[in-house]
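Read the structure below first, then the notes.
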Amino acid sequence: MSGVLYSLVALGFVLIFKASGVFNFAQGAMVLLAGLALVRSLDLLVTRGFPLWAAIILGIGFAAVIMAIAAWLIERFVIGPLVNQDGLTLFMSTIGVTFILEGAAQMIFGSDAYPLRLFPTDAWFLFENVFPGGILVNKLDVWGGFIAGILVAGLAIFFERTKTGRALRAVADDHLAAQSVGIPIGWIWFVVWLAAGLVALVAATVWGTKLGVQFSITFLALKALPVLIIGGLTSIPGAIVGGLIVGAGEKIAEVFLGSYIGGGIEYWFAYVLALAVLLVRPQGLFGERIIERI
Amino acid sequence: MLYREAGQFKTTYAEDMAIFPIRQDRIALAILLGIAFIGVPLLADFDIWPFGSDYLLRAILLPFLILALAAIGVNILVGYCGQISLGSGAFMAIGAYSAYKLGTGVHIPLAWFDFAISIPPLPVLLAILLGGLTAAVAGILFGVPSLRIKGLYLAVATLAAQFFFDWVFLRVAWFTNYAPSGSVNAPTLDFFGLHVGTPIERYLLCLIFVTVFAVLAKNLVRGNLGRQWMAIRDMDIAAELIGIRPLYAKLTAFAVSSFIIGVAGALWAFVYLGSWEPLAFSIDRSLQLLFMVIIGGLGSIMGAFVGAAFILILPILLNRIPSELGVPLSTETITHLEFIIFGSLICYLLIKEPHGFARLISLGKEKLRLWPFPY
Amino acid sequence: MRAPDTSEILLQVEGVSLAFGGVRALRDVSFDIRRGEIRAIIGPNGAGKTSMLNVINGFYHPNHGAITFKGRTRAQMQPYEASRGGIARTFQNVALFKGMSALDNIMAGRTLKMRRGLLWQMLRYGPALAEEIEHRHRVEEIIDFLEIEAIRKVPVARLPYGLQKRVELGRALAMEPDLLLLDEPMAGMNLEEKEDMSRFIIDVNNYYGTTIALIEHDMAVVMDLSHRVAVLDHGVKIADGTPDEVKKNQAVIDAYLGVAH
């Protein structure tokens with residue numbers, strides 16, 4: 001069930017889109033950056049003789065600081081100056097950010113594949129006595145689901161209950177109006193990008209454990225785009241459901257269709273599914289209807 | 001020579017509507033074309049620097065011309081019509097593989113009907129143009145969603161094209177004539193009995209293609225259709241209310257753009273690579289083309305050339321300059337540095353000059369017209 | 001002003017209602033526009049004036065009612081069909097093509113009149129070039145008429161607001177419409193610009209004989225310019241007639257001054 005993993009990345013996208021209307025192509029690159037920062041600092045600390053638990057705490061702290069710096073730089077130098085531009089320009093600028101992050105992350109932290117072991121990856125066999133073989137449940141997926149649940153709950157509380165969360169929704173609605181009532185828009189956007197960075201860090205811990213931290217993570221993270229389209233751009237539950245649909249759908253398609261038209265359907269299934277959803281229901285399963293005015 | 005238009009009076013609208021209304025511009029263009037069509041072949045023929053080896057022709061000018069052609073195609077869709085595409089690589093691939101199939105003969109067995117469709121190998125020129133046409137048809141199909149969805153959503157739709165066709169050409173052996181390695185070789189390049197083989201011949205072939213298509217594209221974008229595209233880009237609702245049909249405007253943009261990209265793909269495969277794998281047309285290619293358009297200038301035919309030149313030259317400079325200075329960088333570092341520089345440049349240009357280097361050049365010309373006075 | 005001679009009805013709106021969710025923007029509105037007249041639609045903010053224009057040119061589809069234009073009745077149509085039928089329009093917030101020059105904006109208004117296909121345009125030779133030049137002539141006439149010769153090659157985004165409004169009027173005129181809808185053509189203008197714009201509107205009506213329906217807030221302008229005035233309030237038509245009649249109408253006075261219900 002890689003669906004949970006897609007959901008984790010998609011959450012970061014939704015967060016930024018909701019708060020700033022930016023369709024953030026760089027979310028995958030942020031996962032890579034967070035993962036590399038974490039795994040490299042972890043390796044270094046362990047070889048220096050730190051106990052594992054301390055190394056993990058310090059490593060995660062270090063990666064979080066890196067994400068904060070990245071968020072600040074992005075807000076200060078890219079998104080801030082582009083305020084009031086149309087969505088397309090902002091989207092293209094995040095493609096630029098993607099390249100900067102990918103280049104910088106690999107230049108600083110190295111560009112090999114680094115194994116990460118934070119969560120157990122073996123499996124439980126459930127109901128073995130009920131029917132032969134039982135049901136195979138990967139512990140990592142359970143962990144992933146658990147973490148995704150905590151994140152969603154945390155984000156929901158953050159959005160609904162805190163002062164910053166309210167300011168954030170105000171900015172998303174109309175940033176000029178928000179600015180005029182004294183909401184510091186630069187600060188809010190920094191918080192949003194930081195939150196997206198931390199979500200990326202969480203995604204990186206799970207993904208890194210499954211696949212190792214390496215460049216190809218960014219391609220897998222790209223699949224969060226169709227996940228979003230299916231779930232609806234502005235919906236946090238949509239990101240979760242969309243991720244599960246894509247994760248399950250591509251496995252099922254591989255099994256049932258793969259034998260007829262050749263393997264490797266996973267490569268494009270999510271995108272074509274998203275295309276189909278777009279044609280039927282452009283706002284996605286959970287998205288808000290877009291109303292145009294002149 | 002002063003850059004002045006004083007004394008050049010236009011007495012007809014036709015003169016006022018010329019591509020280069022100012023005489024000095026026309027002279028400069030004539031010189032440039034002269035160098036490209038006559039100077040370069042002569043220099044290469046006599047092995048004069050920098051054409052002593054094939055390197056400049058083969059590794060720089062050839063890819064420059066073909067990628068500039070593809071970038072013109074991308075610019076029509078993204079820069080003029082405002083429909084973002086992350087799937088240009090796929091349309092290059094469609095052009096390349098359909099040209100390949102048509103150039104080597106098509107055989108479709110229809111077992112159920114006990115019947116087969118066979119087309120004998122077509123001449124290369126026809127194959128390349130039909131390859132472009134196939135890409136245009138595919139472009140129209142993938143453009144249909146653009147009637148309902150906009151901007152970012154469309155980006156995902158074009159990503160679907162990219163990944164789907166990546167897979168098709170990798171996995172469906174029919175397209176590669178069942179080559180076991182998945183890599184295919186271009187048919188021999190014969191044009192009306194002329195064999196195109198040496199680097200200089202290949203260069204001239206591409207130069208002719210690029211020149212012809214650049215002129216045709218320029219004509220389109222400054223005509224009625226171009227105005228319709230830009231109107232859709234700038235404000236689609238208002239465009240509809242003055243009688244522009246979004247269906248027609250968007251689909252023609254997709255068709256023309258994909259056609260040019262498809263032809264560029266066929267040239268890239270046949271003339272530049274010679275033998276290739278689907279990897280040559282991956283999403284990296286799509287992003288590279290998009291970068292060329294942003295850097296060169298959205299909505300500018302000349303920008304496509306500037307952007308292509310920049311994207312090709314920067315890695316070479318990164319390779320050369322540090323080693324000349326005595327601090328050679330590893331190839332890995334150079335790649336990463338390239339990423340960072342391209343990324344920064346994209347952000348910088350989007351913030352400071354969304355119309356790219358092409359706008360900077362025209363601003364420079366404005367200044368030059370008034371020089372030495374500021375205004 | 002003198003009313004036009006003909007009494008031929010160009011556009012007839014019958015019993016049009018329009019609702020967005022629970023908001024009823026228009027309720028059973030009927031009125032007509034005669035060929036050759038200047039017809040004003042006025043009303044307080046939120047009265048449904050812009051919605052009325054949007055219904056006329058097909059951007060909104062009414063829930064009830066029908067529109068008869070040049071003898072053809074239809075409940076709804078697409079915006080480009082309206083433009084094809086000869087309805088042109090300007091917008092409350094200028095809706096020009098920002099990346100194009102003033103000339104190109106107005107040329108774009110000629111789209112419907114240009115016939116040459118993609119292949120001819122690609123060659124830009126012979127008939128295609130002749131067509132382009134012919135339409136350029138027509139557009140230059142409009143540019144002369146609106147006195148914007150000096151800015152024809154300037155990207156419209158760089159123009160001041162008043163000139164943008166003029167270019168937008170030019171784009172609508174380039175369509176050679178039978179019915180021209182003007183949505184607050186003078187909003188945000190100073191006195192001089194208003195005078196210029198009023199002159200252009202009267203001239204368009206006089207020289208080209210174009211029928212004009214306009215929405216405007218400035219009462220003095222409306223009363224001077226228009227032949228007949230329809231008044232909307234909360235989506236309902238409360239008065240219709242010559243400027244003098246409307247001025248004296250008690251319902252109109254109440255709507256504008258506000259009365260306790």
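Each chain in the structure tokens gets a letter, A, B, ..., in the order shown, and its residues are numbered from 1; ligands are numbered from 1 in order too.
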Checklist entry - segment 53-62 of chain C: which residues within 7 Å, counting only C-alpha atoms, same-chain residues fewer than 4 positions away excluded, as a list in words? => result Val16, Ser17, Leu18, Lys49, Gln76, Met77, Gln78, Pro79, Ala82 and Ile87 of chain C
For the interface of chain C with chain A (cut-off 12 Å, counting only C-alpha atoms), please tabulate each contacting residue of chain C alongside its nearest pair of atoms and their separation in Å to one decimal, rows sorted by chain and increasing number, as JSON lines.
```
{"residue": "C:Phe20", "atom": "CA", "partner": "A:Ile291", "partner_atom": "CA", "distance": 10.7}
{"residue": "C:Gly21", "atom": "CA", "partner": "A:Ile291", "partner_atom": "CA", "distance": 11.9}
{"residue": "C:Thr50", "atom": "CA", "partner": "A:Ile294", "partner_atom": "CA", "distance": 9.4}
{"residue": "C:Ser51", "atom": "CA", "partner": "A:Ile294", "partner_atom": "CA", "distance": 10.0}
{"residue": "C:Leu53", "atom": "CA", "partner": "A:Ile294", "partner_atom": "CA", "distance": 11.3}
{"residue": "C:Asn54", "atom": "CA", "partner": "A:Ile294", "partner_atom": "CA", "distance": 9.0}
{"residue": "C:Phe59", "atom": "CA", "partner": "A:Ile294", "partner_atom": "CA", "distance": 9.3}
{"residue": "C:Tyr60", "atom": "CA", "partner": "A:Arg293", "partner_atom": "CA", "distance": 9.9}
{"residue": "C:Thr90", "atom": "CA", "partner": "A:Ile294", "partner_atom": "CA", "distance": 11.1}
{"residue": "C:Phe91", "atom": "CA", "partner": "A:Ile294", "partner_atom": "CA", "distance": 8.1}
{"residue": "C:Gln92", "atom": "CA", "partner": "A:Ile294", "partner_atom": "CA", "distance": 8.6}
{"residue": "C:Asn93", "atom": "CA", "partner": "A:Ile294", "partner_atom": "CA", "distance": 8.2}
{"residue": "C:Val94", "atom": "CA", "partner": "A:Ile294", "partner_atom": "CA", "distance": 10.0}
{"residue": "C:Ala95", "atom": "CA", "partner": "A:Ile294", "partner_atom": "CA", "distance": 8.6}
{"residue": "C:Asp183", "atom": "CA", "partner": "A:Ile294", "partner_atom": "CA", "distance": 11.3}
```
Next on the checklist: Could you list, as a VMD selection string, every residue within 10 Å of segment 238-248 of chain A, counting only C-alpha atoms and ignoring same-chain residues fewer than 3 positions away?
Outcome noted: chain A and resid 1 to 14 145 148 to 149 152 223 to 235 251 to 254 266 269 to 271 273 to 274 284 to 287
Could the residues in this selection be written to a file with C-alpha atoms, as a CSV table (one decimal), in the first residue's frame?
```csv
chain,number,residue,atom,x,y,z
A,1,MET,CA,0.0,0.0,0.0
A,2,SER,CA,2.1,2.9,-1.2
A,3,GLY,CA,-1.1,4.9,-1.2
A,4,VAL,CA,-0.4,6.1,2.3
A,5,LEU,CA,2.9,7.4,1.1
A,6,TYR,CA,1.4,9.4,-1.7
A,7,SER,CA,-1.1,10.8,0.8
A,8,LEU,CA,1.7,12.0,2.9
A,9,VAL,CA,3.3,14.0,0.1
A,10,ALA,CA,-0.1,15.2,-1.1
A,11,LEU,CA,-0.8,16.6,2.3
A,12,GLY,CA,2.1,19.0,1.9
A,13,PHE,CA,0.7,20.2,-1.5
A,14,VAL,CA,-2.8,20.8,-0.1
A,145,GLY,CA,-1.1,5.2,8.2
A,148,ALA,CA,-0.7,10.3,8.4
A,149,GLY,CA,-3.6,10.1,10.9
A,152,VAL,CA,-4.2,15.2,9.7
A,223,LYS,CA,2.5,11.1,-8.2
A,224,ALA,CA,1.1,13.3,-5.4
A,225,LEU,CA,-0.1,15.6,-8.2
A,226,PRO,CA,-2.6,13.2,-9.7
A,227,VAL,CA,-3.5,12.2,-6.1
A,228,LEU,CA,-4.4,15.8,-5.5
A,229,ILE,CA,-6.4,16.1,-8.6
A,230,ILE,CA,-8.4,13.1,-7.7
A,231,GLY,CA,-9.0,14.2,-4.1
A,232,GLY,CA,-9.6,17.8,-4.8
A,233,LEU,CA,-6.9,20.5,-4.5
A,234,THR,CA,-8.2,22.1,-1.3
A,235,SER,CA,-9.2,19.1,0.7
A,251,LYS,CA,-1.8,-2.3,-7.8
A,252,ILE,CA,-5.1,-3.7,-8.9
A,253,ALA,CA,-4.6,-2.4,-12.4
A,254,GLU,CA,-1.2,-4.0,-12.6
A,266,GLU,CA,2.0,1.7,-12.3
A,269,PHE,CA,-1.9,4.7,-14.1
A,270,ALA,CA,-2.2,7.5,-11.5
A,271,TYR,CA,-1.9,10.2,-14.1
A,273,LEU,CA,-6.8,8.1,-13.7
A,274,ALA,CA,-6.4,11.8,-12.8
A,284,GLY,CA,-12.0,16.5,-7.8
A,285,LEU,CA,-13.9,14.3,-5.4
A,286,PHE,CA,-13.7,16.6,-2.4
A,287,GLY,CA,-12.8,19.9,-3.9
```
Item to check | Check: which chain B residues lie within 7 Å of chain A using only C-alpha atoms, as a list of chain:residue names | outcome: B:Pro145, B:Ile149, B:Gly151, B:Leu152, B:Val156, B:Ala157, B:Leu159, B:Ala160, B:Phe163, B:Phe164, B:Arg171, B:Thr333, B:His336, B:Leu337, B:Phe339, B:Ile340, B:Gly343, B:Ser344, B:Ile346, B:Cys347, B:Leu350, B:Ile351
Next on the checklist: Please find the residues of chain C near chain B - the criterion being any atom within 9 Å, counting only C-alpha atoms - and write them as a ChimeraX atom specification.
Outcome noted: /C:57-59,78-84,87-91,95-100,104-105,107-112,114,116-119,121-124,128-130,132-133,136-137,171-172,175
Those same residues - C-alpha atoms - I'd like them written as a PDB file, in the first residue's frame.
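Full text of again.pdb as output:
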```pdb
ATOM      1  CA  ASN C  57     -24.816  38.267 -24.068  1.00  0.00           C
ATOM      2  CA  GLY C  58     -25.082  34.672 -23.001  1.00  0.00           C
ATOM      3  CA  PHE C  59     -22.600  34.514 -20.153  1.00  0.00           C
ATOM      4  CA  GLN C  78     -23.343  30.752 -25.704  1.00  0.00           C
ATOM      5  CA  PRO C  79     -21.316  33.984 -25.461  1.00  0.00           C
ATOM      6  CA  TYR C  80     -19.687  33.494 -28.826  1.00  0.00           C
ATOM      7  CA  GLU C  81     -23.095  32.966 -30.459  1.00  0.00           C
ATOM      8  CA  ALA C  82     -24.182  36.303 -29.040  1.00  0.00           C
ATOM      9  CA  SER C  83     -21.112  37.981 -30.472  1.00  0.00           C
ATOM     10  CA  ARG C  84     -21.737  36.278 -33.786  1.00  0.00           C
ATOM     11  CA  ILE C  87     -23.780  41.881 -29.651  1.00  0.00           C
ATOM     12  CA  ALA C  88     -20.605  43.547 -28.411  1.00  0.00           C
ATOM     13  CA  ARG C  89     -19.728  44.443 -24.871  1.00  0.00           C
ATOM     14  CA  THR C  90     -17.398  46.382 -22.620  1.00  0.00           C
ATOM     15  CA  PHE C  91     -16.817  45.569 -18.977  1.00  0.00           C
ATOM     16  CA  ALA C  95     -11.214  43.308 -19.603  1.00  0.00           C
ATOM     17  CA  LEU C  96      -8.556  43.957 -22.215  1.00  0.00           C
ATOM     18  CA  PHE C  97      -5.929  41.473 -23.336  1.00  0.00           C
ATOM     19  CA  LYS C  98      -3.138  42.790 -21.153  1.00  0.00           C
ATOM     20  CA  GLY C  99      -0.196  41.329 -23.034  1.00  0.00           C
ATOM     21  CA  MET C 100      -1.209  42.757 -26.407  1.00  0.00           C
ATOM     22  CA  ASP C 104      -3.820  44.063 -31.549  1.00  0.00           C
ATOM     23  CA  ASN C 105      -6.622  44.321 -29.033  1.00  0.00           C
ATOM     24  CA  MET C 107      -7.710  43.862 -34.343  1.00  0.00           C
ATOM     25  CA  ALA C 108      -8.814  40.924 -32.187  1.00  0.00           C
ATOM     26  CA  GLY C 109     -12.281  42.442 -32.316  1.00  0.00           C
ATOM     27  CA  ARG C 110     -12.270  41.741 -36.047  1.00  0.00           C
ATOM     28  CA  THR C 111     -11.853  37.993 -35.509  1.00  0.00           C
ATOM     29  CA  LEU C 112     -15.377  37.196 -36.603  1.00  0.00           C
ATOM     30  CA  MET C 114     -11.757  37.393 -40.892  1.00  0.00           C
ATOM     31  CA  ARG C 116      -8.722  33.049 -44.059  1.00  0.00           C
ATOM     32  CA  GLY C 117      -7.761  29.723 -42.501  1.00  0.00           C
ATOM     33  CA  LEU C 118      -4.706  28.505 -40.702  1.00  0.00           C
ATOM     34  CA  LEU C 119      -2.694  27.560 -43.793  1.00  0.00           C
ATOM     35  CA  GLN C 121      -2.298  32.790 -42.356  1.00  0.00           C
ATOM     36  CA  MET C 122       0.821  30.685 -41.991  1.00  0.00           C
ATOM     37  CA  LEU C 123       1.988  31.815 -45.423  1.00  0.00           C
ATOM     38  CA  ARG C 124       0.727  35.390 -44.879  1.00  0.00           C
ATOM     39  CA  ALA C 128      -4.308  36.367 -46.271  1.00  0.00           C
ATOM     40  CA  LEU C 129      -2.119  39.458 -46.397  1.00  0.00           C
ATOM     41  CA  ALA C 130      -4.769  41.392 -48.298  1.00  0.00           C
ATOM     42  CA  GLU C 132      -5.015  41.526 -42.851  1.00  0.00           C
ATOM     43  CA  ILE C 133      -4.393  44.905 -44.509  1.00  0.00           C
ATOM     44  CA  ARG C 136      -6.095  47.086 -40.545  1.00  0.00           C
ATOM     45  CA  HIS C 137      -7.699  49.914 -42.539  1.00  0.00           C
ATOM     46  CA  ARG C 171     -12.405  46.616 -29.551  1.00  0.00           C
ATOM     47  CA  ALA C 172     -16.177  46.438 -29.229  1.00  0.00           C
ATOM     48  CA  MET C 175     -16.948  44.006 -34.158  1.00  0.00           C
TER      49      MET C 175
END
```
Checklist entry - Which of these, B:Pro41, B:Gly132, B:Gly182, B:Pro372, has the shortest distance to Glu201 of chain B once you count only C-alpha atoms? => result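 Comparing B:Pro41, B:Gly132, B:Gly182, B:Pro372 against Glu201 of chain B, the winner is B:Pro41.
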Next on the checklist: Please identify the strand (DSSP E) residues within segment 20-193 of chain A (assignment by DSSP from backbone atoms) and present them as number ranges by chain.
Outcome noted: A: 123-126, 135-138
Could you write out the selected residues, including N, CA and C atoms, as a JSON list (two decimals), in the first residue's frame?
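Saved the output as result.json:
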```
[["chain", "number", "residue", "atom", "x", "y", "z"],
["A", 123, "ALA", "N", 6.80, -7.77, 8.26],
["A", 123, "ALA", "CA", 5.35, -7.82, 8.15],
["A", 123, "ALA", "C", 4.73, -8.68, 9.23],
["A", 124, "TRP", "N", 3.49, -8.36, 9.53],
["A", 124, "TRP", "CA", 2.71, -9.24, 10.40],
["A", 124, "TRP", "C", 1.88, -10.17, 9.51],
["A", 125, "PHE", "N", 1.69, -11.37, 10.02],
["A", 125, "PHE", "CA", 0.75, -12.25, 9.32],
["A", 125, "PHE", "C", -0.48, -12.38, 10.20],
["A", 126, "LEU", "N", -1.57, -11.85, 9.75],
["A", 126, "LEU", "CA", -2.79, -11.88, 10.54],
["A", 126, "LEU", "C", -3.70, -13.02, 10.06],
["A", 135, "ILE", "N", -3.35, -12.81, 6.15],
["A", 135, "ILE", "CA", -3.24, -11.52, 5.47],
["A", 135, "ILE", "C", -1.90, -10.92, 5.83],
["A", 136, "LEU", "N", -1.19, -10.50, 4.83],
["A", 136, "LEU", "CA", 0.12, -9.94, 5.07],
["A", 136, "LEU", "C", 0.01, -8.43, 5.26],
["A", 137, "VAL", "N", 0.40, -7.97, 6.43],
["A", 137, "VAL", "CA", 0.34, -6.53, 6.67],
["A", 137, "VAL", "C", 1.74, -6.02, 6.95],
["A", 138, "ASN", "N", 2.16, -5.09, 6.14],
["A", 138, "ASN", "CA", 3.48, -4.52, 6.32],
["A", 138, "ASN", "C", 3.46, -3.54, 7.49]]
```
Next on the checklist: Give me, as a PyMOL selection string, the residues of segment 124-298 of chain B that a backbone DSSP run labels helix (DSSP H, G or I).
Outcome noted: chain B and resi 124-147+151-171+173-176+199-221+224-234+236-241+246-273+278-281+283-296
Checklist entry - Quick one: of B:Tyr203, B:Phe357, B:Phe310, B:Tyr97, who's nearest to Val40 of chain B, counting only C-alpha atoms? => result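 Checking each of B:Tyr203, B:Phe357, B:Phe310, B:Tyr97 against Val40 of chain B, counting only C-alpha atoms, the winner is B:Tyr203.
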Checklist entry - Quick one: of A:Ile60, A:Ala177, A:Ala200, A:Val171, who's nearest to Gln27 of chain A, counting only C-alpha atoms? => result A:Ala200
